[in-house]
$ cat structure-v6.txt   # compact mmCIF, C-alpha atoms
# COMPACT_ATOMS: atom_id res chain seq x y z
CA ARG A 1 -134.37 -72.92 -72.06
CA ILE A 2 -133.18 -76.15 -70.54
CA VAL A 3 -130.10 -76.33 -72.74
CA THR A 4 -128.86 -72.95 -71.52
CA GLU A 5 -129.40 -73.83 -67.88
CA LEU A 6 -127.74 -77.22 -68.24
CA LYS A 7 -124.71 -75.82 -70.08
CA GLU A 8 -124.29 -73.16 -67.40
CA ILE A 9 -124.32 -75.77 -64.64
CA LEU A 10 -121.91 -78.00 -66.56
CA TYR A 11 -119.54 -75.07 -67.09
CA GLN A 12 -119.62 -74.22 -63.37
CA LYS A 13 -118.83 -77.83 -62.49
CA GLY A 14 -116.14 -78.22 -65.15
CA LEU A 15 -118.12 -80.89 -67.00
CA THR A 16 -119.05 -81.29 -70.66
CA LEU A 17 -122.08 -82.49 -72.59
CA LYS A 18 -119.85 -85.26 -73.96
CA PHE A 19 -119.23 -86.48 -70.40
CA VAL A 20 -122.96 -86.45 -69.67
CA ALA A 21 -123.76 -88.26 -72.94
CA GLU A 22 -121.19 -90.96 -72.14
CA LYS A 23 -122.68 -91.51 -68.68
CA LEU A 24 -126.20 -91.59 -70.15
CA GLY A 25 -124.98 -94.16 -72.66
CA LYS A 26 -123.79 -96.39 -69.83
CA ARG A 27 -127.16 -96.15 -68.10
CA LEU A 28 -129.53 -96.14 -71.06
CA GLY A 29 -127.46 -97.73 -73.84
CA ASN A 30 -126.78 -96.29 -77.31
CA TYR A 31 -126.79 -92.64 -76.25
CA THR A 32 -124.58 -90.25 -78.19
CA LEU A 33 -123.52 -86.64 -77.85
CA ALA A 34 -125.45 -85.84 -81.04
CA ASN A 35 -128.56 -87.49 -79.61
CA LEU A 36 -128.31 -85.51 -76.36
CA SER A 37 -127.59 -82.24 -78.18
CA ASN A 38 -130.58 -82.73 -80.48
CA LYS A 39 -132.92 -83.52 -77.60
CA LEU A 40 -131.79 -80.46 -75.68
CA ARG A 41 -131.95 -78.17 -78.70
CA ASN A 42 -135.40 -79.42 -79.70
CA GLU A 43 -136.57 -79.56 -76.08
CA THR A 44 -137.65 -83.18 -76.48
CA ILE A 45 -135.63 -84.62 -73.60
CA THR A 46 -137.70 -86.75 -71.23
CA TYR A 47 -138.18 -86.25 -67.53
CA ARG A 48 -136.50 -89.62 -66.92
CA GLU A 49 -133.44 -88.51 -68.89
CA MET A 50 -133.29 -85.22 -66.99
CA LYS A 51 -133.51 -87.08 -63.67
CA ILE A 52 -130.54 -89.22 -64.68
CA ILE A 53 -128.59 -86.16 -65.86
CA ALA A 54 -129.25 -84.49 -62.52
CA GLU A 55 -127.84 -87.55 -60.74
CA ILE A 56 -124.80 -87.63 -63.05
CA ILE A 57 -123.93 -83.99 -62.41
CA ASP A 58 -124.88 -84.14 -58.72
CA CYS A 59 -127.74 -81.66 -58.89
CA SER A 60 -131.37 -81.75 -57.91
CA LEU A 61 -134.11 -81.55 -60.49
CA GLU A 62 -136.93 -79.24 -59.53
CA ILE A 63 -140.22 -78.65 -61.28
CA THR A 64 -141.97 -75.46 -60.34
CA LYS A 65 -145.32 -74.00 -61.20
CA LYS A 66 -145.26 -70.73 -63.13

$ encode --input "structure-v6.txt" --output "structure tokens"
Amino acid sequence: RIVTELKEILYQKGLTLKFVAEKLGKRLGNYTLANLSNKLRNETITYREMKIIAEIIDCSLEITKK
């Protein structure tokens, strides 16, 4: 699940979901920790949002074929 992978990366980098939500809010406007958490939990986060998150946490976003 995306939420597990993201939380693992954040933990390794010493970052929090709150930090990511704040940065998303600055880029996208009106973005809260609750909003981010819900999207991750429900797996409804968009590709655009994930691209921005990858930039924020200095990671690459890769889509692979199963």

$ residues_near_point --input "structure-v6.txt" --point "(-120.1, -80.0, -67.8)" --cutoff "12 Å" --atoms "all atoms listed in the file" --output "list of chain:residue names"
A:Val3, A:Thr4, A:Glu5, A:Leu6, A:Lys7, A:Glu8, A:Ile9, A:Leu10, A:Tyr11, A:Gln12, A:Lys13, A:Gly14, A:Leu15, A:Thr16, A:Leu17, A:Lys18, A:Phe19, A:Val20, A:Ala21, A:Glu22, A:Lys23, A:Ile53, A:Ala54, A:Ile56, A:Ile57, A:Asp58, A:Cys59

$ atom_distance --input "structure-v6.txt" --atom1 "atom CA of Glu43 of chain A" --atom2 "atom CA of Ile2 of chain A"
7.3 Å

$ atom_distance --input "structure-v6.txt" --atom1 "atom CA of Met50 of chain A" --atom2 "atom CA of Glu62 of chain A"
10.2 Å

$ closest_residue --input "structure-v6.txt" --among "A:Thr32, A:Arg41, A:Leu24, A:Arg1" --to "Glu55 of chain A" --atoms "all atoms listed in the file"
A:Leu24

$ axis_aligned_box --input "structure-v6.txt" --around "segment 20-34 of chain A" --padding-each-side "3 Å" --output "AutoDock Vina command-line options"
--center_x -125.4 --center_y -91.8 --center_z -74.6 --size_x 14.3 --size_y 17.9 --size_z 18.9

$ atom_distance --input "structure-v6.txt" --atom1 "atom CA of Asn35 of chain A" --atom2 "atom CA of Lys65 of chain A"
28.3 Å

$ closest_residue --input "structure-v6.txt" --among "A:Ile45, A:Lys66, A:Ile52, A:Leu61" --to "Arg27 of chain A" --atoms "all atoms listed in the file"
A:Ile52

$ build_atoms --input "structure-v6.txt" --residues "segment 2-27 of chain A" --atoms "N, CA, C and O atoms" --output "PDB file, in the coordinates of the input"
ATOM      1  N   ILE A   2    -133.883 -75.119 -71.308  1.00  0.00           N
ATOM      2  CA  ILE A   2    -133.180 -76.150 -70.540  1.00  0.00           C
ATOM      3  C   ILE A   2    -131.736 -76.284 -70.965  1.00  0.00           C
ATOM      4  O   ILE A   2    -130.854 -76.480 -70.152  1.00  0.00           O
ATOM      5  N   VAL A   3    -131.467 -76.166 -72.251  1.00  0.00           N
ATOM      6  CA  VAL A   3    -130.100 -76.330 -72.740  1.00  0.00           C
ATOM      7  C   VAL A   3    -129.188 -75.260 -72.165  1.00  0.00           C
ATOM      8  O   VAL A   3    -128.058 -75.549 -71.763  1.00  0.00           O
ATOM      9  N   THR A   4    -129.665 -74.042 -72.066  1.00  0.00           N
ATOM     10  CA  THR A   4    -128.860 -72.950 -71.520  1.00  0.00           C
ATOM     11  C   THR A   4    -128.570 -73.187 -70.051  1.00  0.00           C
ATOM     12  O   THR A   4    -127.431 -73.031 -69.603  1.00  0.00           O
ATOM     13  N   GLU A   5    -129.586 -73.575 -69.304  1.00  0.00           N
ATOM     14  CA  GLU A   5    -129.400 -73.830 -67.880  1.00  0.00           C
ATOM     15  C   GLU A   5    -128.438 -74.989 -67.647  1.00  0.00           C
ATOM     16  O   GLU A   5    -127.558 -74.914 -66.789  1.00  0.00           O
ATOM     17  N   LEU A   6    -128.610 -76.057 -68.407  1.00  0.00           N
ATOM     18  CA  LEU A   6    -127.740 -77.220 -68.240  1.00  0.00           C
ATOM     19  C   LEU A   6    -126.298 -76.870 -68.591  1.00  0.00           C
ATOM     20  O   LEU A   6    -125.377 -77.215 -67.841  1.00  0.00           O
ATOM     21  N   LYS A   7    -126.084 -76.182 -69.683  1.00  0.00           N
ATOM     22  CA  LYS A   7    -124.710 -75.820 -70.080  1.00  0.00           C
ATOM     23  C   LYS A   7    -124.063 -74.916 -69.038  1.00  0.00           C
ATOM     24  O   LYS A   7    -122.861 -75.042 -68.768  1.00  0.00           O
ATOM     25  N   GLU A   8    -124.835 -74.033 -68.439  1.00  0.00           N
ATOM     26  CA  GLU A   8    -124.290 -73.160 -67.400  1.00  0.00           C
ATOM     27  C   GLU A   8    -123.846 -73.967 -66.183  1.00  0.00           C
ATOM     28  O   GLU A   8    -122.760 -73.750 -65.640  1.00  0.00           O
ATOM     29  N   ILE A   9    -124.673 -74.915 -65.777  1.00  0.00           N
ATOM     30  CA  ILE A   9    -124.320 -75.770 -64.640  1.00  0.00           C
ATOM     31  C   ILE A   9    -123.095 -76.611 -64.963  1.00  0.00           C
ATOM     32  O   ILE A   9    -122.180 -76.744 -64.144  1.00  0.00           O
ATOM     33  N   LEU A  10    -123.058 -77.192 -66.161  1.00  0.00           N
ATOM     34  CA  LEU A  10    -121.910 -78.000 -66.560  1.00  0.00           C
ATOM     35  C   LEU A  10    -120.634 -77.169 -66.546  1.00  0.00           C
ATOM     36  O   LEU A  10    -119.591 -77.627 -66.067  1.00  0.00           O
ATOM     37  N   TYR A  11    -120.707 -75.947 -67.065  1.00  0.00           N
ATOM     38  CA  TYR A  11    -119.540 -75.070 -67.090  1.00  0.00           C
ATOM     39  C   TYR A  11    -119.057 -74.791 -65.663  1.00  0.00           C
ATOM     40  O   TYR A  11    -117.860 -74.878 -65.384  1.00  0.00           O
ATOM     41  N   GLN A  12    -119.975 -74.501 -64.757  1.00  0.00           N
ATOM     42  CA  GLN A  12    -119.620 -74.220 -63.370  1.00  0.00           C
ATOM     43  C   GLN A  12    -118.966 -75.412 -62.697  1.00  0.00           C
ATOM     44  O   GLN A  12    -118.100 -75.258 -61.838  1.00  0.00           O
ATOM     45  N   LYS A  13    -119.370 -76.604 -63.089  1.00  0.00           N
ATOM     46  CA  LYS A  13    -118.830 -77.830 -62.490  1.00  0.00           C
ATOM     47  C   LYS A  13    -117.630 -78.390 -63.250  1.00  0.00           C
ATOM     48  O   LYS A  13    -117.075 -79.405 -62.852  1.00  0.00           O
ATOM     49  N   GLY A  14    -117.268 -77.743 -64.358  1.00  0.00           N
ATOM     50  CA  GLY A  14    -116.140 -78.220 -65.150  1.00  0.00           C
ATOM     51  C   GLY A  14    -116.443 -79.498 -65.917  1.00  0.00           C
ATOM     52  O   GLY A  14    -115.539 -80.297 -66.175  1.00  0.00           O
ATOM     53  N   LEU A  15    -117.704 -79.690 -66.271  1.00  0.00           N
ATOM     54  CA  LEU A  15    -118.120 -80.890 -67.000  1.00  0.00           C
ATOM     55  C   LEU A  15    -118.525 -80.516 -68.422  1.00  0.00           C
ATOM     56  O   LEU A  15    -118.714 -79.349 -68.728  1.00  0.00           O
ATOM     57  N   THR A  16    -118.668 -81.524 -69.269  1.00  0.00           N
ATOM     58  CA  THR A  16    -119.050 -81.290 -70.660  1.00  0.00           C
ATOM     59  C   THR A  16    -120.286 -82.108 -71.012  1.00  0.00           C
ATOM     60  O   THR A  16    -120.612 -83.095 -70.333  1.00  0.00           O
ATOM     61  N   LEU A  17    -120.946 -81.709 -72.090  1.00  0.00           N
ATOM     62  CA  LEU A  17    -122.080 -82.490 -72.590  1.00  0.00           C
ATOM     63  C   LEU A  17    -121.617 -83.872 -73.024  1.00  0.00           C
ATOM     64  O   LEU A  17    -122.347 -84.852 -72.878  1.00  0.00           O
ATOM     65  N   LYS A  18    -120.397 -83.959 -73.542  1.00  0.00           N
ATOM     66  CA  LYS A  18    -119.850 -85.260 -73.960  1.00  0.00           C
ATOM     67  C   LYS A  18    -119.774 -86.202 -72.757  1.00  0.00           C
ATOM     68  O   LYS A  18    -120.148 -87.375 -72.853  1.00  0.00           O
ATOM     69  N   PHE A  19    -119.304 -85.693 -71.627  1.00  0.00           N
ATOM     70  CA  PHE A  19    -119.230 -86.480 -70.400  1.00  0.00           C
ATOM     71  C   PHE A  19    -120.619 -86.983 -70.005  1.00  0.00           C
ATOM     72  O   PHE A  19    -120.804 -88.168 -69.701  1.00  0.00           O
ATOM     73  N   VAL A  20    -121.594 -86.089 -70.035  1.00  0.00           N
ATOM     74  CA  VAL A  20    -122.960 -86.450 -69.670  1.00  0.00           C
ATOM     75  C   VAL A  20    -123.510 -87.496 -70.645  1.00  0.00           C
ATOM     76  O   VAL A  20    -124.124 -88.479 -70.227  1.00  0.00           O
ATOM     77  N   ALA A  21    -123.279 -87.308 -71.929  1.00  0.00           N
ATOM     78  CA  ALA A  21    -123.760 -88.260 -72.940  1.00  0.00           C
ATOM     79  C   ALA A  21    -123.137 -89.637 -72.716  1.00  0.00           C
ATOM     80  O   ALA A  21    -123.824 -90.662 -72.849  1.00  0.00           O
ATOM     81  N   GLU A  22    -121.855 -89.678 -72.385  1.00  0.00           N
ATOM     82  CA  GLU A  22    -121.190 -90.960 -72.140  1.00  0.00           C
ATOM     83  C   GLU A  22    -121.806 -91.670 -70.936  1.00  0.00           C
ATOM     84  O   GLU A  22    -122.040 -92.877 -70.965  1.00  0.00           O
ATOM     85  N   LYS A  23    -122.072 -90.923 -69.879  1.00  0.00           N
ATOM     86  CA  LYS A  23    -122.680 -91.510 -68.680  1.00  0.00           C
ATOM     87  C   LYS A  23    -124.117 -91.968 -68.968  1.00  0.00           C
ATOM     88  O   LYS A  23    -124.542 -93.011 -68.482  1.00  0.00           O
ATOM     89  N   LEU A  24    -124.848 -91.181 -69.754  1.00  0.00           N
ATOM     90  CA  LEU A  24    -126.200 -91.590 -70.150  1.00  0.00           C
ATOM     91  C   LEU A  24    -126.142 -92.870 -70.969  1.00  0.00           C
ATOM     92  O   LEU A  24    -126.986 -93.759 -70.812  1.00  0.00           O
ATOM     93  N   GLY A  25    -125.154 -92.967 -71.853  1.00  0.00           N
ATOM     94  CA  GLY A  25    -124.980 -94.160 -72.660  1.00  0.00           C
ATOM     95  C   GLY A  25    -124.773 -95.405 -71.812  1.00  0.00           C
ATOM     96  O   GLY A  25    -125.284 -96.480 -72.124  1.00  0.00           O
ATOM     97  N   LYS A  26    -124.027 -95.257 -70.724  1.00  0.00           N
ATOM     98  CA  LYS A  26    -123.790 -96.390 -69.830  1.00  0.00           C
ATOM     99  C   LYS A  26    -125.064 -96.809 -69.112  1.00  0.00           C
ATOM    100  O   LYS A  26    -125.270 -97.978 -68.831  1.00  0.00           O
ATOM    101  N   ARG A  27    -125.913 -95.844 -68.822  1.00  0.00           N
ATOM    102  CA  ARG A  27    -127.160 -96.150 -68.100  1.00  0.00           C
ATOM    103  C   ARG A  27    -128.284 -96.570 -69.033  1.00  0.00           C
ATOM    104  O   ARG A  27    -129.077 -97.438 -68.688  1.00  0.00           O
TER     105      ARG A  27
END
